[in-house]
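Report on one structure; see the data block that follows.
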Amino acid sequence: MNVKFCIEGEEEIGSPHLEPFIATHHDLLQADVLLISDTTIIGPNQPAICYGLRGLCSLEVHVQAAKSDLHSGLFGGAVPNALHAMTELLSSLHDHEGKVLVEGFYDDVAALTAEEREELAKLPQDDMAYMQSLGLNELVGEPGYTTIERTTARPTLELNGVYGGFQGEGSKTVIPAEAHAKITCRLVNNQDPLKILNLIEAHLKAHEPKGVTVTVTRHDHAKPFIADFHQPAIQTAVEAYRFAYDVEPHFMRMGGSIPIVEAFDRLLKLPVVLMGFSLPDENFHAPNEHFSLDNFDKGLRALVFYYTHLERV
C-alpha cells in the first residue's frame with residue numbers, strides 16, 4: 001500500500017491556497033481512497049462514521065448613522081440610533097421559533113431521506129441531559145426536526161457577535177453612530193455558500209432601517225459535503241470500528257465544517273472516508289484540549305484493520 005501525505009497549515013483560515021493546488025496537481029494527488037480522521041465519535045465505546053459535513057459562509061454587517069456619536073440629551077428623539085437600527089435589522093432574520101426568514105434560504109436544501117432520519121434517530125440523544133450539561137432550561141430551533149437533525153443536517157444562521165456604542169464601565173449618554181454584527185451560516189447539501197451570501201445581503205439591504213446605511217463585508221465560505229454511506233470504502237470502515245470497539249458503529253453527520261473535504265471530493269472524485277476518534281467533550285479549540293487514551297488505542301486497531309482490508313475495496 002502507498003500512503004500520500006498532504007500537509008498544509010491554513011486549515012483554520014479556510015485553506016485558501018490548497019484548493020487551487022489540488023486543481024492543478026491531479027496526478028500528484030491521485031489515489032483510491034481519501035481517509036480523514038478529523039471527526040468525532042458519539043461517546044466512550046460508541047463509534048460513529050461521519051458521512052456529512054456542513055458548509056459555511058460568514059459575513060460582517062456594518063450600520064452607519066451619524067458621522068460620530070451624539071449626545072443623547074441634545075439629539076435624542078430626532079436622529080437615528082445605529083444600535084436601534086441594528087437590532088431591528090437582525091430581528092428580521094428569524095421568526096420567533098428560529099426559522100430563517102431570508103427569502104430563498106431553504107430553496108436548495110436536500111430533504112433528509114427516510115433512511116437518514118432512521119439512522120440519525122438511532123443516535124443516543126437525551127435532550128434533558130444535553131440541556132443540563134449546557135446550563136440551559138430549554139432548547140430552541142427550527143420546528144419539525146430533532147435536536148440531532150437541527151445540529152447536523154439542517155442549515156443555520158447565527159449571530160456570533162454584536163457591538164457598538166459605549167461599552168466601558170458606568171454610563172455614557174451617547175447615541176451610537178455605528179453598530180456591527182458578525183454572522184455565520186452552517187449549510188447543508190445542495191446549498192451554495194455564495195448564493196446564500198447574495199440572499200442575505202439582499203435581505204439586509206431590503207430591510208435597511210430609515211436613516212442609516214448598511215454595508216456587508218464577506219469572509220470565509222465553504223461548501224457542504226455528503227457521502228453515500230453504502231459505498232464499499234465506508235462499509236469497510238464499519239467493519240474496522242466493529243473489530244476495534246466490539247460494537248456496531250452508528251452513522252452520523254457533523255454540524256461543523258472541514259472545508260477542504262468537499263474540494264477533494266469534487267476535484268479528485270475520490271471516495272472520502274471520515275474515521276474520527278475524538279469525543280465531543282474534549283475541549284476542541286479551548287484550554288486543556290485532550291484526547292482519550294482508550295480511543296488512541298482502539299483508533300490504532302481500527303485504522304490498521306482498515307488498511308489491511310482496503311485492497312478488496
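In the C-alpha cells, the first chain shown is A, the next is B, and so on; residue numbers restart at 1 for each chain, and ligands run from 1 in the order shown.
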Considering only C-alpha atoms, return as an mmCIF file with C-alpha atoms, in the first residue's frame whatever protein or nucleic-acid residues lie within 10 Å of A:Asp108, sequence-local ones (same chain, fewer than 6 positions apart) excluded.
```
data_model
loop_
_atom_site.group_PDB
_atom_site.id
_atom_site.type_symbol
_atom_site.label_atom_id
_atom_site.label_comp_id
_atom_site.auth_asym_id
_atom_site.auth_seq_id
_atom_site.Cartn_x
_atom_site.Cartn_y
_atom_site.Cartn_z
ATOM 1 C CA VAL A 188 -26.188 21.556 4.108
ATOM 2 C CA ASN A 189 -26.025 19.652 0.837
ATOM 3 C CA ASN A 190 -27.053 21.492 -2.320
ATOM 4 C CA GLN A 191 -26.702 24.924 -0.709
ATOM 5 C CA ASP A 192 -24.142 27.168 -2.410
ATOM 6 C CA ILE A 196 -26.576 32.255 0.385
#
```
Just asking: which residues within stretch 124-304 of chain A are helix (DSSP H, G or I) according to DSSP, as a PyMOL selection string?
chain A and resi 127-134+147-152+193-206+232-245+259-268+293-304
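With only C-alpha atoms as the basis for measurement, A:Leu59 is the residue among A:Ala114, A:Ala233, A:Leu59, A:Ala78 that approaches A:His219 most closely.
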Could you pull out all residues of stretch 33-183 of chain A with a DSSP call of strand (DSSP E or B) and give them as an NGL selection string?
:A and (34-36 or 40 or 43 or 46 or 48-53 or 55-64 or 70-71 or 94 or 100 or 156-164 or 174-175 or 178-183)
Which is closer to A:Pro80 than all the others in A:Ala263, A:Val212, A:Met254, A:Leu134, using only C-alpha atoms?
A:Val212
Stretch 182-233 of chain A residues near stretch 34-49 of chain A within 12 Å, closest pair each, using only C-alpha atoms, as JSON lines:
```
{"residue": "A:Ala227", "atom": "CA", "partner": "A:Ile49", "partner_atom": "CA", "distance": 10.9}
{"residue": "A:Asp228", "atom": "CA", "partner": "A:Ile49", "partner_atom": "CA", "distance": 11.5}
{"residue": "A:Phe229", "atom": "CA", "partner": "A:Ile49", "partner_atom": "CA", "distance": 8.6}
{"residue": "A:His230", "atom": "CA", "partner": "A:Ile49", "partner_atom": "CA", "distance": 11.6}
{"residue": "A:Ala233", "atom": "CA", "partner": "A:Leu34", "partner_atom": "CA", "distance": 9.5}
```
Residue contacts of A:Arg312 (10 Å, only C-alpha atoms) excluding same-chain residues fewer than 3 positions away, as a PDB file with N, CA and C atoms, in the first residue's frame:
```pdb
ATOM      1  N   PRO A 232     -18.532   0.880  -0.699  1.00  0.00           N
ATOM      2  CA  PRO A 232     -17.652  -0.120  -0.069  1.00  0.00           C
ATOM      3  C   PRO A 232     -16.563   0.474   0.827  1.00  0.00           C
ATOM      4  N   ALA A 233     -15.986   1.614   0.458  1.00  0.00           N
ATOM      5  CA  ALA A 233     -14.916   2.192   1.278  1.00  0.00           C
ATOM      6  C   ALA A 233     -15.426   2.564   2.671  1.00  0.00           C
ATOM      7  N   THR A 236     -16.292  -0.748   4.716  1.00  0.00           N
ATOM      8  CA  THR A 236     -15.093  -1.343   5.313  1.00  0.00           C
ATOM      9  C   THR A 236     -14.746  -0.640   6.624  1.00  0.00           C
ATOM     10  N   THR A 308      -5.467  -2.919   6.261  1.00  0.00           N
ATOM     11  CA  THR A 308      -5.171  -4.285   5.837  1.00  0.00           C
ATOM     12  C   THR A 308      -6.331  -4.938   5.097  1.00  0.00           C
ATOM     13  N   HIS A 309      -7.502  -4.335   5.130  1.00  0.00           N
ATOM     14  CA  HIS A 309      -8.654  -4.863   4.401  1.00  0.00           C
ATOM     15  C   HIS A 309      -9.074  -3.972   3.235  1.00  0.00           C
TER      16      HIS A 309
END
```
Close residues, stretch 289-298 of chain A itself excluded, 12 Å, only C-alpha atoms, min 3 positions apart in chain, as a tab-separated table (two decimals) with C-alpha atoms, in the first residue's frame:
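This is the output file result.tsv:
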```tsv
chain	number	residue	atom	x	y	z
A	37	SER	CA	-9.51	11.38	10.95
A	40	THR	CA	-15.84	12.77	16.48
A	41	ILE	CA	-17.50	9.63	17.76
A	42	ILE	CA	-20.64	9.71	19.91
A	43	GLY	CA	-19.16	8.75	23.27
A	44	PRO	CA	-16.90	6.25	25.04
A	45	ASN	CA	-17.06	2.97	23.13
A	46	GLN	CA	-19.77	4.40	20.86
A	47	PRO	CA	-18.06	4.80	17.45
A	240	ALA	CA	-12.97	-1.68	11.25
A	241	TYR	CA	-14.89	0.05	14.04
A	242	ARG	CA	-16.75	-3.18	14.81
A	243	PHE	CA	-13.40	-5.00	15.11
A	244	ALA	CA	-11.76	-2.38	17.35
A	245	TYR	CA	-14.69	-1.47	19.60
A	246	ASP	CA	-16.69	-4.73	19.52
A	247	VAL	CA	-19.94	-2.80	18.97
A	275	MET	CA	-12.97	7.90	10.51
A	276	GLY	CA	-12.69	10.03	13.64
A	277	PHE	CA	-11.96	9.01	17.23
A	278	SER	CA	-12.43	12.18	19.31
A	279	LEU	CA	-15.08	12.62	21.98
A	280	PRO	CA	-17.40	15.65	21.86
A	281	ASP	CA	-16.26	16.90	25.30
A	282	GLU	CA	-12.52	17.11	24.61
A	283	ASN	CA	-12.38	20.94	24.61
A	284	PHE	CA	-11.69	21.49	20.91
A	285	HIS	CA	-10.04	24.88	20.28
A	286	ALA	CA	-10.07	25.58	24.01
A	301	ARG	CA	-6.61	-1.01	15.92
A	302	ALA	CA	-9.43	0.31	13.73
A	303	LEU	CA	-7.07	2.02	11.30
A	304	VAL	CA	-4.75	-0.99	11.00
A	305	PHE	CA	-7.77	-3.20	10.27
```
Do you know which residues are at most 7 Å from A:Lys182 counting only C-alpha atoms, after dropping those on the same chain fewer than 3 positions away, and could you put them as an MDAnalysis selection string?
chainID A and resid 59:61 159:162
Straight-line distance linking atom CA of A:Gln125 with atom CA of A:Thr151, stated in Å to one decimal:
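Going from atom CA of A:Gln125 over to atom CA of A:Thr151 covers 11.9 Å.
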Please identify all polymer residues within 12 Å of A:Phe166, counting only C-alpha atoms, omitting same-chain residues fewer than 3 positions from it, and present them as a PyMOL selection string.
chain A and resi 69-71+82-83+163+169-179
Min atom-atom distance to A:Leu90 from the set A:Leu136, A:Val102, A:Val109, A:Cys6, counting only C-alpha atoms, belongs to A:Val102
What is the atom CA of A:Leu197 to atom CA of A:Met86 distance in Å?
18.2 Å
